[in-house]
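**Q** Sharing a structure with you now.
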Amino acid sequence: MEPLLRFENVSKHYPNGVHALKGVSFEMAEGEFISVIGPSGSGKSTLLRAINRLIPISGGTVWLDGQAVSAQRGAALRQLRRKVGMIFQNYNLVYSLSVLQNVLHGRLGYMGGVKGVFGRYSEEDKQEALDLLKELGLEEFSYNRSSDLSGGQKQRVGIARTIMQRPKLLLCDEPIASLDPSSAKTIMDLLKTMTRKRNIACIVNLHQLDVALKYSTRIIGLSKGEIVFDGRPEELDDATIEQIYGTSRKNLMIGGERNDQKNSAHCA
Amino acid sequence: MTRKIPPIAHDLKRLYTGFLLAAVLLFAVCTYLTQFNPMVLAANGDAFWEFIKEDFLPPALPKASRIPGIFSSVLVTLALAMSATTVAAILAFFVALFGSEKVSPFPRFAKVVRGFATFLRNIPALVWAFILFSSLGIGTGVGFVALCITSFAFMVRAFVETMEDVSQDCVESLQAVGATFPQRVAQAILPSCLSGFLSWFLYCVEVNIRASTIVGMVGGGGVGLTLFSYIKSFRYDIALTIILLIAAMVIVVDQITGKLRKELLK
Amino acid sequence: MNADTVNCAAGAAQRPVEKKRSKIPVKYRQRNRFIPMFLAGVAALSVLSLAYLDIDWLKMTSRAGDIGVVFWDLAHLDFTNMDLILSSLVETVSIAVLSLLYSLILGIIFGMLAARNVFRLPWLSVLTQSFFTFLRAVPTPVWVLLMLVCLGMGPEAGVAGLCVHTTAFFTKSFAQSFESIPEETIEALEVTGASRLSIFMNAVLPAALSQIVAWAGMRLEVNFSECAILGMVGAGGVGYVISNSLQGYDYGTAGVAILLVFLVAYCIERVFVRIKKKFY
């Protein structure tokens, strides 16, 4: 069977000479929860944005659901994009609009041009959005300005928006990097349960190694634009970590004392 | 000041010293080139005050029959500034959408759009007025177009910067959702940037009130032309009255736009 | 449009509409009411203005082709009068720079008088500020025209005329910068028994220095473009060359002069952008 996502020797170099990705290849099946780890500048963000073509790649092919992403233009690209949800480090909400409006933005890809421009969402969509907000515990904030929410709440709105897309694949670009530890745990738990319930595959870029170990079914380690590790969390040994981050595992754990057991990884 | 970490302070100090040296050097060169001597001003001081006392004071009113004409010329200046700014703002909004690599659907052309705006902006409004006068003849319409050109170019830059500051992130997220370009504009850019755009618009109105007076002086009509004709015919006392009128007009407009801007950014 | 979307979103709620609506915070509504009102006001005023101006659009559009001809003529650059153009351009730049430097010094002095926290004499601040508000409200060319009348042709009239407006601008901006300095800093020096002037020289001025440099850079752009147009109202400089050659149908010379004005303005802008990046 055709995998959901396939990277074929994908490379990307920016006009300023940076080689963000060098011949990256991997496959992803439905229902997987992959964490991409690696130091800053290792190409994690580029890898994610290559999937929905927010960044056009320079070589190779990204296959999504049997279609080559880089070959798509215009309406076909938009149709492809609505299959792929995305969650951002800075939430990327329109802060001057209400929470509900931001959630409804997830439906724009399905709507005709003019209707979407004027924000005339259908009653079913609105009901679905309200139900989703309820599920995420944000019901009472539906009509607040999104700028009034806390960071964790904003990210939950981001999750609601992307679920509204009914995506097959969810891309999360450092979803918890701007959050405090307890909100971070809430968000990671939500991502895990929401994606499992709806059978959405998920790729998460993470800075926190312990979070990656705890939540993912598979980990991809990037270093300088190349995949240096691809396997189950249990298989990630200290030598590989050192290869990814260029420093020992001990130095990565701020707490220090937890470094001897892999499974004790906490978010906080 | 004393708390500054030494290396930064050192850097800053070098920067300031550089500026001071540049200023002194420029001062010397420019004084030499123009042979400008502030002492001339001081020496002419007496004649200067004499002139002001004799010719300007007290401000005089023109003939009663001329007064309605003067007020209608003030209205022309205000109307010129207002309509030119609005038309320029509408055009600038649509062009600015294509002027930012991050927002435009054709990122390759963003540089071209910005370059075009830079070209228009760096030629003063009055030069545009003169170029247009020589092709379209003298008149209010030409003043209107000249004001439009510079404020259009200014607002394109201001709008592009506002968009890149404010809405870059949410445009990206709507792109990921699969929204079309008009949808991204209406649902992300407009709601998040509108108050910023309008605040720039108000600034442009302020600038254009002054600029339309000046364009008027060389043939655009309005109160500038009235003032110019009184100065040309050596009626300085009446000219002073009109200068006071212009000052009052500008101050009132500045007050109003200031109030509106505060309300807007609340 | 915003209010509209919110309302229709509110209507979608399963619960009674009234209940949902009452949950929309007041602040949100207020904001939504002001912006549409503002937009409607601007639109109405602009339409009225256009009607009042009564521009003969037909005549304008029928002559639109001539604009192309003029630009075509301007593009045939004629370098024979290069000496004249360059010397007038140098004069214009020099006048712009000189007026900037003189105004910088005057602006710091008057800004000191206008700032409320330097001498703590409210009447002095109010007096200085309202005087300079008046000076600022009168466009620069008017001042230059008056100086021309008083002083006769020459760089003196240009520098003096530009200085009036620039000084007024600096006074306001510098006073603002001075006033933005934390009260505690000044108090800390006050208790040491330092004099007002030495507090200003040692604490207020150094703290505002980076802003002063930024204002000055911004003002140089404005001064140059104002200086370039002064010639058109009768003073010398490159503006005079442009207006004179345009009126004499010498488009080639005018084209070169306009191009040079653009290049200088562009260079000043680039340099200023660089400086700004370094400071912030």
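Each chain in the structure tokens gets a letter, A, B, ..., in the order shown, and its residues are numbered from 1; ligands are numbered from 1 in order too.
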So that each row is one residue of chain B with an atom at most 8 Å from chain A, can you give its shortest atom pair and the distance in Å to one decimal, using only C-alpha atoms, rows by chain and rising number, as a Markdown table?

**A**
| residue | atom | partner | partner_atom | distance |
| --- | --- | --- | --- | --- |
| B:Ser167 | CA | A:Val94 | CA | 7.7 |
| B:Asp169 | CA | A:Asn92 | CA | 4.9 |
| B:Cys170 | CA | A:Asn92 | CA | 4.6 |
| B:Glu172 | CA | A:Leu54 | CA | 7.6 |
| B:Ser173 | CA | A:Asn92 | CA | 6.0 |
| B:Leu174 | CA | A:His105 | CA | 7.2 |
| B:Gln175 | CA | A:Leu54 | CA | 7.5 |
| B:Ala176 | CA | A:Arg81 | CA | 5.9 |
| B:Val177 | CA | A:Arg82 | CA | 5.1 |
| B:Gly178 | CA | A:Arg78 | CA | 4.2 |
| B:Ala179 | CA | A:Gly109 | CA | 4.8 |
| B:Thr180 | CA | A:Gly113 | CA | 6.9 |
| B:Pro182 | CA | A:Val117 | CA | 6.2 |
| B:Gln183 | CA | A:Val117 | CA | 4.5 |
| B:Arg184 | CA | A:Val117 | CA | 7.8 |
| B:Val185 | CA | A:Val117 | CA | 7.9 |
| B:Ala186 | CA | A:Val117 | CA | 5.4 |
| B:Gln187 | CA | A:Val117 | CA | 6.6 |
| B:Ala188 | CA | A:Val94 | CA | 5.9 |
| B:Pro191 | CA | A:Ser96 | CA | 6.0 |
| B:Ser192 | CA | A:Ser96 | CA | 5.5 |

**Q** Would you save the residues of that selection, restricted to N, CA and C atoms, as a compact mmCIF listing (two decimals), in the first residue's frame?

**A**
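Result went into again22.txt, see below:
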# COMPACT_ATOMS: atom_id res chain seq x y z
N SER B 167 1.08 40.57 10.28
CA SER B 167 0.24 39.47 9.84
C SER B 167 1.00 38.34 9.15
N ASP B 169 2.65 35.85 10.34
CA ASP B 169 2.39 34.55 10.95
C ASP B 169 1.02 34.00 10.59
N CYS B 170 0.00 34.88 10.70
CA CYS B 170 -1.33 34.32 10.47
C CYS B 170 -1.56 34.08 8.99
N GLU B 172 0.70 32.81 7.10
CA GLU B 172 1.29 31.49 6.92
C GLU B 172 0.32 30.40 7.36
N SER B 173 -0.34 30.63 8.49
CA SER B 173 -1.23 29.58 8.99
C SER B 173 -2.43 29.40 8.06
N LEU B 174 -2.95 30.51 7.50
CA LEU B 174 -4.07 30.36 6.58
C LEU B 174 -3.62 29.71 5.27
N GLN B 175 -2.38 29.95 4.91
CA GLN B 175 -1.83 29.29 3.73
C GLN B 175 -1.82 27.77 3.95
N ALA B 176 -1.41 27.39 5.17
CA ALA B 176 -1.33 25.97 5.49
C ALA B 176 -2.72 25.33 5.49
N VAL B 177 -3.73 26.14 5.78
CA VAL B 177 -5.10 25.63 5.82
C VAL B 177 -5.63 25.38 4.41
N GLY B 178 -5.00 26.04 3.43
CA GLY B 178 -5.45 25.90 2.05
C GLY B 178 -6.36 27.03 1.61
N ALA B 179 -6.24 28.19 2.28
CA ALA B 179 -7.09 29.32 1.92
C ALA B 179 -6.54 29.99 0.65
N THR B 180 -7.46 30.56 -0.14
CA THR B 180 -7.03 31.27 -1.35
C THR B 180 -6.47 32.64 -0.97
N PRO B 182 -7.41 35.78 -1.87
CA PRO B 182 -8.40 36.74 -1.36
C PRO B 182 -8.89 36.39 0.03
N GLN B 183 -9.00 35.10 0.32
CA GLN B 183 -9.42 34.70 1.66
C GLN B 183 -8.38 35.08 2.71
N ARG B 184 -7.12 34.89 2.34
CA ARG B 184 -6.05 35.27 3.28
C ARG B 184 -6.08 36.76 3.54
N VAL B 185 -6.33 37.54 2.48
CA VAL B 185 -6.38 38.99 2.65
C VAL B 185 -7.53 39.36 3.57
N ALA B 186 -8.72 38.82 3.30
CA ALA B 186 -9.91 39.25 4.03
C ALA B 186 -9.93 38.71 5.45
N GLN B 187 -9.41 37.49 5.65
CA GLN B 187 -9.54 36.87 6.97
C GLN B 187 -8.31 37.07 7.86
N ALA B 188 -7.16 37.34 7.28
CA ALA B 188 -5.98 37.49 8.13
C ALA B 188 -5.41 38.90 8.05
N PRO B 191 -8.21 42.07 9.09
CA PRO B 191 -8.53 42.23 10.51
C PRO B 191 -7.32 42.60 11.36
N SER B 192 -6.15 42.04 11.05
CA SER B 192 -5.04 42.30 11.95
C SER B 192 -4.33 43.60 11.64

**Q** Please, which residues in chain B fall within 6 Å of chain C when counting only C-alpha atoms, and what is the closest atom pair and distance in Å to one decimal for each, ordered by chain then residue number, as a Markdown table?

**A**
| residue | atom | partner | partner_atom | distance |
| --- | --- | --- | --- | --- |
| B:Cys30 | CA | C:Ser94 | CA | 4.8 |
| B:Phe48 | CA | C:Cys150 | CA | 6.0 |
| B:Ala79 | CA | C:Ser49 | CA | 4.4 |
| B:Met82 | CA | C:Ser46 | CA | 5.9 |
| B:Ser83 | CA | C:Ser46 | CA | 4.6 |
| B:Asn122 | CA | C:Phe262 | CA | 5.4 |
| B:Ile123 | CA | C:Phe262 | CA | 5.5 |
| B:Pro124 | CA | C:Ser225 | CA | 5.7 |
| B:Ser135 | CA | C:Asp66 | CA | 5.3 |
| B:Gly141 | CA | C:Ile55 | CA | 5.3 |
| B:Arg210 | CA | C:Pro139 | CA | 5.8 |
| B:Ala247 | CA | C:Ala137 | CA | 4.8 |
| B:Val250 | CA | C:Ala137 | CA | 5.5 |

**Q** At what distance in Å, to one decimal, does atom CA of C:Ile199 lie from atom CA of C:Ala175?

**A**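 Separation of atom CA of C:Ala175 and atom CA of C:Ile199: 15.1 Å.
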
**Q** Could you write out as a ChimeraX atom specification the residues of chain A within 12 Å of chain C, counting only C-alpha atoms?

**A** /A:95-104,115-131,139-148

**Q** Write the selection just made, keeping C-alpha atoms, as a PDB file, in the first residue's frame?

**A**
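Written file, out_4.pdb:
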ATOM      1  CA  TYR A  95      -5.556  38.097  17.226  1.00  0.00           C
ATOM      2  CA  SER A  96      -8.071  40.760  16.327  1.00  0.00           C
ATOM      3  CA  LEU A  97     -10.723  38.140  15.546  1.00  0.00           C
ATOM      4  CA  SER A  98     -12.768  36.057  17.953  1.00  0.00           C
ATOM      5  CA  VAL A  99     -11.707  32.578  19.005  1.00  0.00           C
ATOM      6  CA  LEU A 100     -14.578  31.059  17.054  1.00  0.00           C
ATOM      7  CA  GLN A 101     -13.593  32.877  13.870  1.00  0.00           C
ATOM      8  CA  ASN A 102     -10.067  31.579  14.217  1.00  0.00           C
ATOM      9  CA  VAL A 103     -11.319  28.029  14.598  1.00  0.00           C
ATOM     10  CA  LEU A 104     -13.560  28.448  11.561  1.00  0.00           C
ATOM     11  CA  LYS A 115     -17.990  32.910   0.835  1.00  0.00           C
ATOM     12  CA  GLY A 116     -14.639  32.478   2.513  1.00  0.00           C
ATOM     13  CA  VAL A 117     -13.656  36.079   1.866  1.00  0.00           C
ATOM     14  CA  PHE A 118     -16.697  37.368   3.704  1.00  0.00           C
ATOM     15  CA  GLY A 119     -16.532  34.696   6.376  1.00  0.00           C
ATOM     16  CA  ARG A 120     -19.989  33.227   5.634  1.00  0.00           C
ATOM     17  CA  TYR A 121     -19.483  29.860   7.282  1.00  0.00           C
ATOM     18  CA  SER A 122     -22.253  27.251   7.160  1.00  0.00           C
ATOM     19  CA  GLU A 123     -24.301  26.504  10.263  1.00  0.00           C
ATOM     20  CA  GLU A 124     -22.930  22.950  10.456  1.00  0.00           C
ATOM     21  CA  ASP A 125     -19.359  24.242  10.429  1.00  0.00           C
ATOM     22  CA  LYS A 126     -20.137  26.702  13.199  1.00  0.00           C
ATOM     23  CA  GLN A 127     -21.782  24.008  15.302  1.00  0.00           C
ATOM     24  CA  GLU A 128     -18.822  21.715  14.752  1.00  0.00           C
ATOM     25  CA  ALA A 129     -16.447  24.486  15.781  1.00  0.00           C
ATOM     26  CA  LEU A 130     -18.383  25.154  18.965  1.00  0.00           C
ATOM     27  CA  ASP A 131     -18.449  21.440  19.808  1.00  0.00           C
ATOM     28  CA  GLU A 139     -16.256  26.897  25.248  1.00  0.00           C
ATOM     29  CA  GLU A 140     -16.549  29.957  27.432  1.00  0.00           C
ATOM     30  CA  PHE A 141     -13.945  31.814  25.410  1.00  0.00           C
ATOM     31  CA  SER A 142     -15.638  31.294  22.032  1.00  0.00           C
ATOM     32  CA  TYR A 143     -16.513  34.963  21.658  1.00  0.00           C
ATOM     33  CA  ASN A 144     -13.429  36.455  23.247  1.00  0.00           C
ATOM     34  CA  ARG A 145     -10.780  38.187  21.245  1.00  0.00           C
ATOM     35  CA  SER A 146      -8.048  35.636  20.637  1.00  0.00           C
ATOM     36  CA  SER A 147      -5.449  38.092  21.924  1.00  0.00           C
ATOM     37  CA  ASP A 148      -6.982  37.839  25.419  1.00  0.00           C
TER      38      ASP A 148
END

**Q** Based on the backbone DSSP call, show me all residues of stretch 16-221 of chain B assigned alpha helix (DSSP H), as a short mmCIF file (atom, residue, chain, number, x, y, z; two decimals) with C-alpha atoms, in the first residue's frame.

**A**
data_model
loop_
_atom_site.label_atom_id
_atom_site.label_comp_id
_atom_site.auth_asym_id
_atom_site.auth_seq_id
_atom_site.Cartn_x
_atom_site.Cartn_y
_atom_site.Cartn_z
CA TYR B 16 28.75 58.66 18.65
CA THR B 17 32.29 59.87 18.08
CA GLY B 18 31.89 58.85 14.46
CA PHE B 19 28.71 60.84 14.18
CA LEU B 20 30.24 63.86 15.82
CA LEU B 21 33.24 63.76 13.49
CA ALA B 22 30.99 63.33 10.47
CA ALA B 23 28.83 66.23 11.61
CA VAL B 24 31.82 68.54 12.09
CA LEU B 25 33.30 67.52 8.76
CA LEU B 26 30.01 68.00 6.93
CA PHE B 27 29.57 71.33 8.63
CA ALA B 28 32.97 72.56 7.48
CA VAL B 29 32.56 71.30 3.92
CA CYS B 30 29.04 72.66 3.50
CA THR B 31 29.92 76.01 5.01
CA TYR B 32 32.82 76.28 2.61
CA LEU B 33 30.70 75.26 -0.39
CA THR B 34 27.85 77.64 0.25
CA PRO B 38 25.50 82.97 10.24
CA MET B 39 26.96 86.39 11.03
CA VAL B 40 25.21 87.71 7.94
CA LEU B 41 21.94 86.86 9.59
CA ALA B 42 22.98 88.54 12.80
CA ALA B 43 24.22 91.60 10.92
CA GLY B 45 19.03 91.35 12.20
CA ASP B 46 18.02 94.98 12.48
CA ALA B 47 16.90 95.25 8.90
CA PHE B 48 15.05 91.98 9.36
CA TRP B 49 13.04 93.16 12.35
CA GLU B 50 12.49 96.50 10.69
CA PHE B 51 11.05 94.70 7.70
CA ILE B 67 -12.88 86.95 2.14
CA PRO B 68 -15.33 84.24 0.98
CA GLY B 69 -12.88 83.41 -1.81
CA ILE B 70 -10.10 82.88 0.72
CA PHE B 71 -12.22 80.55 2.80
CA SER B 72 -13.23 78.55 -0.23
CA SER B 73 -9.53 78.29 -1.15
CA VAL B 74 -8.87 76.83 2.30
CA LEU B 75 -11.61 74.32 1.61
CA VAL B 76 -10.00 73.44 -1.73
CA THR B 77 -6.70 72.72 0.04
CA LEU B 78 -8.41 70.53 2.63
CA ALA B 79 -10.47 68.70 0.01
CA LEU B 80 -7.39 68.15 -2.12
CA ALA B 81 -5.48 66.59 0.77
CA MET B 82 -8.39 64.46 1.91
CA SER B 83 -9.45 63.02 -1.44
CA ALA B 84 -5.90 62.49 -2.70
CA THR B 85 -4.94 60.61 0.46
CA THR B 86 -8.01 58.37 0.32
CA VAL B 87 -7.55 57.48 -3.34
CA ALA B 88 -3.84 56.87 -2.74
CA ALA B 89 -4.60 54.69 0.30
CA ILE B 90 -7.01 52.47 -1.61
CA LEU B 91 -4.54 52.00 -4.46
CA ALA B 92 -1.67 51.51 -2.02
CA PHE B 93 -3.55 48.78 -0.15
CA PHE B 94 -3.99 46.66 -3.26
CA VAL B 95 -0.45 47.24 -4.47
CA ALA B 96 1.06 46.62 -1.04
CA PRO B 107 6.83 36.63 -4.39
CA ARG B 108 9.17 37.12 -7.31
CA PHE B 109 7.56 40.43 -8.23
CA ALA B 110 7.55 41.82 -4.70
CA LYS B 111 10.95 43.45 -5.21
CA VAL B 112 9.76 45.08 -8.44
CA VAL B 113 6.71 46.53 -6.69
CA ARG B 114 8.78 47.89 -3.84
CA GLY B 115 11.40 49.29 -6.20
CA PHE B 116 8.70 51.10 -8.15
CA ALA B 117 7.32 52.60 -4.94
CA THR B 118 10.81 53.64 -3.85
CA PHE B 119 11.31 55.43 -7.15
CA LEU B 120 8.02 57.31 -6.89
CA ARG B 121 8.60 58.16 -3.24
CA ALA B 125 5.67 65.83 -4.73
CA LEU B 126 6.43 69.23 -6.17
CA VAL B 127 8.70 67.77 -8.84
CA TRP B 128 5.87 65.43 -9.84
CA ALA B 129 3.58 68.43 -9.93
CA PHE B 130 5.93 70.23 -12.29
CA ILE B 131 6.30 67.23 -14.57
CA LEU B 132 2.53 66.90 -14.74
CA PHE B 133 2.01 70.63 -15.19
CA SER B 134 4.11 70.51 -18.31
CA SER B 135 1.95 67.75 -19.78
CA LEU B 136 -1.52 68.39 -18.37
CA THR B 140 -6.35 71.38 -9.23
CA GLY B 141 -6.55 68.01 -10.97
CA VAL B 142 -2.79 67.95 -11.47
CA GLY B 143 -2.24 68.86 -7.82
CA PHE B 144 -4.49 65.94 -6.95
CA VAL B 145 -2.49 63.48 -9.06
CA ALA B 146 0.87 64.76 -7.78
CA LEU B 147 -0.22 64.35 -4.16
CA CYS B 148 -1.60 60.92 -4.98
CA ILE B 149 1.70 59.72 -6.41
CA THR B 150 3.87 60.50 -3.39
CA SER B 151 1.39 59.47 -0.74
CA PHE B 152 0.65 56.30 -2.68
CA ALA B 153 4.34 55.42 -2.73
CA PHE B 154 4.76 56.29 0.93
CA MET B 155 1.79 54.19 1.99
CA VAL B 156 2.91 51.20 -0.09
CA ARG B 157 6.09 51.08 1.97
CA ALA B 158 4.29 51.71 5.25
CA PHE B 159 1.60 49.10 4.52
CA VAL B 160 4.14 46.47 3.47
CA GLU B 161 6.07 47.01 6.71
CA THR B 162 2.88 46.84 8.77
CA MET B 163 1.87 43.61 7.07
CA GLU B 164 5.26 42.00 7.58
CA ASP B 165 5.26 43.04 11.23
CA VAL B 166 1.72 42.08 12.10
CA GLN B 168 3.10 37.37 8.49
CA ASP B 169 2.39 34.55 10.95
CA CYS B 170 -1.33 34.32 10.47
CA VAL B 171 -0.98 34.52 6.71
CA GLU B 172 1.29 31.49 6.92
CA SER B 173 -1.23 29.58 8.99
CA LEU B 174 -4.07 30.36 6.58
CA GLN B 175 -1.83 29.29 3.73
CA ALA B 176 -1.33 25.97 5.49
CA VAL B 177 -5.10 25.63 5.82
CA PHE B 181 -5.23 34.59 -1.65
CA PRO B 182 -8.40 36.74 -1.36
CA GLN B 183 -9.42 34.70 1.66
CA ARG B 184 -6.05 35.27 3.28
CA LEU B 190 -7.40 43.02 6.96
CA PRO B 191 -8.53 42.23 10.51
CA SER B 192 -5.04 42.30 11.95
CA CYS B 193 -3.60 45.27 10.06
CA LEU B 194 -6.55 47.59 9.52
CA SER B 195 -5.94 49.82 12.52
CA GLY B 196 -2.26 50.04 11.59
CA PHE B 197 -3.14 50.99 8.01
CA LEU B 198 -5.59 53.65 9.16
CA SER B 199 -3.05 55.14 11.51
CA TRP B 200 -0.64 55.55 8.58
CA PHE B 201 -3.50 56.98 6.57
CA LEU B 202 -4.03 59.67 9.21
CA TYR B 203 -0.32 60.48 9.18
CA CYS B 204 -0.52 60.88 5.41
CA VAL B 205 -3.48 63.24 5.75
CA GLU B 206 -1.38 65.44 8.04
CA VAL B 207 1.52 65.44 5.60
CA ASN B 208 -0.74 66.11 2.65
CA ILE B 209 -2.42 69.12 4.23
CA ARG B 210 1.01 70.79 4.18
CA ALA B 211 1.94 69.36 0.80
CA SER B 212 -1.30 70.49 -0.84
CA THR B 213 -0.63 74.04 0.37
CA ILE B 214 2.78 73.89 -1.29
CA VAL B 215 1.55 72.30 -4.51
#

**Q** For a test of reading the model, state the distance in Å between atom CA of B:Ser233 and atom CA of B:Ala248, rounded to one decimal.

**A**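 Atom CA of B:Ser233 sits 23.4 Å away from atom CA of B:Ala248.
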
**Q** Identify which of the residues A:Val157, A:Leu149, A:Val204, A:Leu170 lies closest to A:Leu132, counting only C-alpha atoms when measuring atom-to-atom distances.

**A**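 Using only C-alpha atoms, A:Leu132 sits closest to A:Val157.
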
**Q** Please measure the separation of atom CA of C:Phe110 and atom CA of C:Ala188, giving the value in Å to one decimal.

**A**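 Rounded to one decimal, the two atoms are 24.1 Å apart.
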